[in-house]
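Peer 1: Provided herewith: protein.cif, mmCIF, C-alpha atoms.
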```
data_query
loop_
_atom_site.label_atom_id
_atom_site.label_comp_id
_atom_site.auth_asym_id
_atom_site.auth_seq_id
_atom_site.Cartn_x
_atom_site.Cartn_y
_atom_site.Cartn_z
CA MET A 39 0.00 0.00 0.00
CA SER A 40 1.32 3.41 -0.99
CA GLN A 41 2.11 5.97 1.68
CA GLY A 42 2.11 8.79 -0.85
CA VAL A 43 -0.71 11.00 -2.00
CA GLU A 44 -4.14 9.37 -2.21
CA LEU A 45 -5.14 10.25 -5.76
CA GLU A 46 -8.88 9.86 -5.13
CA THR A 47 -8.85 12.63 -2.52
CA SER A 48 -5.89 14.75 -3.65
CA ILE A 49 -6.91 18.32 -4.51
CA GLY A 50 -3.61 18.80 -6.38
CA TYR A 51 -4.20 15.75 -8.54
CA LEU A 52 -7.78 16.84 -9.28
CA LEU A 53 -6.56 20.34 -10.24
CA LYS A 54 -3.96 18.82 -12.56
CA GLU A 55 -6.61 16.58 -14.13
CA ALA A 56 -8.96 19.55 -14.61
CA SER A 57 -6.12 21.59 -16.09
CA SER A 58 -5.23 18.80 -18.50
CA VAL A 59 -8.83 18.31 -19.67
CA LEU A 60 -9.33 22.08 -20.04
CA HIS A 61 -6.08 22.34 -22.03
CA SER A 62 -7.22 19.55 -24.38
CA ALA A 63 -10.65 21.11 -24.88
CA MET A 64 -9.17 24.56 -25.57
CA ASP A 65 -6.64 23.08 -27.97
CA ALA A 66 -9.46 21.28 -29.81
CA VAL A 67 -11.42 24.51 -30.42
CA LEU A 68 -8.40 26.69 -31.19
CA ARG A 69 -6.66 24.33 -33.62
CA PRO A 70 -9.29 24.80 -36.38
CA LEU A 71 -8.74 28.56 -35.98
CA ASP A 72 -5.02 27.98 -36.63
CA MET A 73 -4.17 29.21 -33.14
CA THR A 74 -2.36 27.72 -30.16
CA ILE A 75 -3.34 28.24 -26.54
CA THR A 76 -0.23 30.36 -26.01
CA GLN A 77 -1.05 32.56 -29.01
CA TYR A 78 -4.59 32.96 -27.72
CA SER A 79 -3.33 33.82 -24.23
CA CYS A 80 -0.92 36.39 -25.64
CA LEU A 81 -3.62 38.09 -27.72
CA GLU A 82 -6.09 38.06 -24.82
CA LEU A 83 -3.50 39.62 -22.52
CA LEU A 84 -2.66 42.32 -25.06
CA ALA A 85 -6.32 43.12 -25.69
CA GLN A 86 -6.88 43.62 -21.98
CA ARG A 87 -3.49 45.18 -21.13
CA PRO A 88 -2.06 46.93 -24.21
CA GLY A 89 1.66 47.59 -24.29
CA LEU A 90 2.84 44.66 -22.18
CA SER A 91 6.48 43.70 -22.50
CA SER A 92 7.67 40.31 -23.69
CA SER A 93 8.52 39.39 -20.09
CA ASP A 94 5.06 40.39 -18.87
CA LEU A 95 3.46 38.35 -21.65
CA ALA A 96 5.63 35.34 -20.82
CA ARG A 97 4.56 35.46 -17.17
CA GLY A 98 0.90 35.90 -18.11
CA ALA A 99 0.95 33.06 -20.63
CA PHE A 100 3.01 30.76 -18.35
CA VAL A 101 5.89 30.30 -20.79
CA SER A 102 9.58 31.18 -20.76
CA ARG A 103 10.79 34.56 -22.00
CA GLN A 104 12.66 32.81 -24.79
CA SER A 105 9.51 31.01 -25.94
CA MET A 106 7.55 34.26 -25.83
CA ASN A 107 10.18 36.07 -27.90
CA VAL A 108 9.96 33.38 -30.59
CA LEU A 109 6.16 33.52 -30.48
CA LEU A 110 6.11 37.32 -30.74
CA GLN A 111 8.43 37.21 -33.76
CA GLN A 112 6.03 34.78 -35.46
CA MET A 113 2.94 36.76 -34.47
CA THR A 114 4.55 39.97 -35.75
CA ARG A 115 5.31 38.30 -39.10
CA ASP A 116 1.69 37.07 -39.21
CA GLY A 117 0.41 40.60 -38.57
CA LEU A 118 -1.28 39.77 -35.24
CA VAL A 119 0.86 42.05 -33.07
CA SER A 120 3.20 44.97 -33.55
CA ARG A 121 6.23 46.05 -31.57
CA ALA A 122 8.09 49.34 -31.51
CA GLU A 123 11.44 49.40 -33.30
CA GLN A 124 12.98 51.18 -30.30
CA ALA A 125 12.01 51.21 -26.66
CA PRO A 126 10.29 54.47 -25.68
CA VAL A 127 11.88 54.18 -22.24
CA GLY A 128 14.65 51.83 -21.14
CA ARG A 129 14.93 48.58 -23.04
CA VAL A 130 11.34 47.34 -22.90
CA LEU A 131 9.58 47.03 -26.27
CA PRO A 132 5.84 47.36 -25.69
CA THR A 133 3.64 45.07 -27.76
CA GLN A 134 0.28 45.99 -29.28
CA ILE A 135 -2.43 43.82 -30.79
CA THR A 136 -3.26 44.71 -34.41
CA ALA A 137 -6.67 44.90 -36.08
CA LEU A 138 -6.06 41.45 -37.59
CA GLY A 139 -5.08 40.18 -34.14
CA ARG A 140 -8.35 41.54 -32.71
CA GLU A 141 -10.35 39.79 -35.44
CA ARG A 142 -8.62 36.47 -34.78
CA LEU A 143 -8.99 36.98 -31.03
CA ALA A 144 -12.74 37.56 -31.29
CA ARG A 145 -13.26 34.12 -32.85
CA ALA A 146 -10.86 32.45 -30.43
CA SER A 147 -12.40 34.12 -27.37
CA ALA A 148 -15.85 32.91 -28.36
CA ALA A 149 -14.55 29.36 -28.77
CA VAL A 150 -12.72 29.41 -25.43
CA ALA A 151 -15.73 30.96 -23.65
CA ALA A 152 -17.87 28.09 -24.96
CA VAL A 153 -15.40 25.58 -23.48
CA GLU A 154 -15.46 27.33 -20.11
CA SER A 155 -19.26 27.51 -20.18
CA ARG A 156 -19.38 23.78 -20.85
CA MET A 157 -16.96 23.16 -17.99
CA ILE A 158 -18.89 25.13 -15.36
CA GLY A 159 -22.37 25.02 -16.90
CA ALA A 160 -23.81 22.67 -14.28
CA LEU A 161 -22.58 24.81 -11.38
CA PRO A 162 -24.98 27.33 -9.84
CA ALA A 163 -23.75 30.96 -9.99
CA GLY A 164 -22.94 30.99 -6.27
CA ASP A 165 -20.78 27.89 -6.62
CA ARG A 166 -18.93 29.47 -9.55
CA ALA A 167 -18.10 32.52 -7.43
CA GLU A 168 -17.02 30.27 -4.57
CA LEU A 169 -14.84 28.18 -6.89
CA ARG A 170 -13.10 31.33 -8.16
CA ARG A 171 -12.56 32.54 -4.60
CA LEU A 172 -11.17 29.19 -3.44
CA LEU A 173 -8.85 28.86 -6.42
CA ARG A 174 -7.52 32.39 -5.83
CA GLU A 175 -6.83 31.46 -2.21
CA CYS A 176 -4.97 28.31 -3.31
CA VAL A 177 -2.85 30.33 -5.75
CA ALA A 178 -2.10 32.98 -3.14
CA ALA A 179 -1.11 30.41 -0.52
CA LEU A 180 1.56 28.96 -2.80
CA ALA A 181 2.61 32.20 -4.48
CA ASP A 182 3.40 33.77 -1.11
CA GLY A 183 6.06 31.18 -0.70
#
```
Re-express the file's structure as structure tokens.
Peer 2:
Amino acid sequence: MSQGVELETSIGYLLKEASSVLHSAMDAVLRPLDMTITQYSCLELLAQRPGLSSSDLARGAFVSRQSMNVLLQQMTRDGLVSRAEQAPVGRVLPTQITALGRERLARASAAVAAVESRMIGALPAGDRAELRRLLRECVAALADG
């Protein structure tokens, strides 16, 4: 008998399972739109917080700075984002979403919202609010170190 984590009752294991299923469902709806989850995350972040740096985008999309730099180069070539040639202050190059990026984001956001609705659709509104609150507390407990 194992003395480790009991998978049937482990909150961490259940969160990882939920994350994995959510990731697969998001990937399934974004792939036909020729978009990855990281591209979607980047565009969503820029739509809500224009001018973020590459480092800020990497943190927000949960990828390395190197991966984000490669992604931003590709997204710039594809016309989804634009970046200043020179930093207005310091060395940070702010990134902006383009009109094409906003068009692509609108379709992707609708697809992702449908996935989230499917995921939480059976939960009453009060339970949804409680779930958000509890997840924020879990994040804060580990983020504080």
Peer 1: Select, from A:Gly50, A:Leu138, A:Ala63, A:Val130, the residue with the minimum atom-to-atom distance to Leu180 (chain A), counting only C-alpha atoms.
Peer 2: A:Gly50
Peer 1: Find the residues around region 104-114 of chain A up to 8 Å (only C-alpha atoms counted), leave out those fewer than 6 positions away in its own chain, and share them as number ranges by chain.
Peer 2: A: 77, 92-93, 95-96, 120-121
Peer 1: Near region 81-83 of chain A, counting all atoms listed in the file, which residues have an atom at most 10 Å away, once you skip same-chain residues fewer than 3 positions from it, shown as a list in words?
Peer 2: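 Close residues of region 81-83 of chain A: Ile75, Thr76, Gln77, Tyr78, Gln86, Arg87, Pro88, Gly89, Leu90, Asp94, Leu95, Gly98, Ala99, Met113, Leu118, Val119, Gln134, Ile135, Thr136, Gly139, Arg140, Arg142, Leu143, Ala144, Ala146 and Ser147 of chain A.
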Peer 1: What do you get, as a compact mmCIF listing (two decimals) with C-alpha atoms, in the coordinates of the input, if you spell out every residue that the PyMOL selection byres ((chain A and resi 64) around 9) selects here?
Peer 2:
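Full text of part.txt as output:
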```txt
# COMPACT_ATOMS: atom_id res chain seq x y z
CA VAL A 59 -8.83 18.31 -19.67
CA LEU A 60 -9.33 22.08 -20.04
CA HIS A 61 -6.08 22.34 -22.03
CA SER A 62 -7.22 19.55 -24.38
CA ALA A 63 -10.65 21.11 -24.88
CA ASP A 65 -6.64 23.08 -27.97
CA ALA A 66 -9.46 21.28 -29.81
CA VAL A 67 -11.42 24.51 -30.42
CA LEU A 68 -8.40 26.69 -31.19
CA ARG A 69 -6.66 24.33 -33.62
CA THR A 74 -2.36 27.72 -30.16
CA ILE A 75 -3.34 28.24 -26.54
CA ALA A 149 -14.55 29.36 -28.77
CA VAL A 150 -12.72 29.41 -25.43
CA VAL A 153 -15.40 25.58 -23.48
CA GLU A 154 -15.46 27.33 -20.11
```
Peer 1: May I ask for the distance between CA of Ala160 (chain A) and CA of Ser58 (chain A), given in Å to one decimal place?
Peer 2: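 Separation between CA of Ala160 (chain A) and CA of Ser58 (chain A): 19.4 Å.
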Peer 1: Between A:Lys54, A:Ala178, A:Asp116, A:Ile49, which is the closest to Asp72 (chain A) once you count all atoms listed in the file?
Peer 2: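 Comparing A:Lys54, A:Ala178, A:Asp116, A:Ile49 against Asp72 (chain A), the winner is A:Asp116.
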Peer 1: Between A:Ser48, A:Thr133, A:Ser102, A:Gln41, which one has atoms that come closest to Ala85 (chain A), using all atoms listed in the file?
Peer 2: A:Thr133
Peer 1: Between CA of Ala148 (chain A) and CA of Leu84 (chain A), what is the distance, to one decimal in Å?
Peer 2: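 Between CA of Ala148 (chain A) and CA of Leu84 (chain A) the gap works out to 16.5 Å.
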Peer 1: Quick one, how far is CA of Pro162 (chain A) from CA of Ala181 (chain A)?
Peer 2: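 Separation of CA of Pro162 (chain A) and CA of Ala181 (chain A): 28.5 Å.
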Peer 1: Would you mind telling me which residue in A:Glu141, A:Val177, A:Ala56, A:Gln124 lies nearest to Ile158 (chain A) when using only C-alpha atoms?
Peer 2: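 Answer, going by the shortest atom-to-atom distance: A:Ala56.
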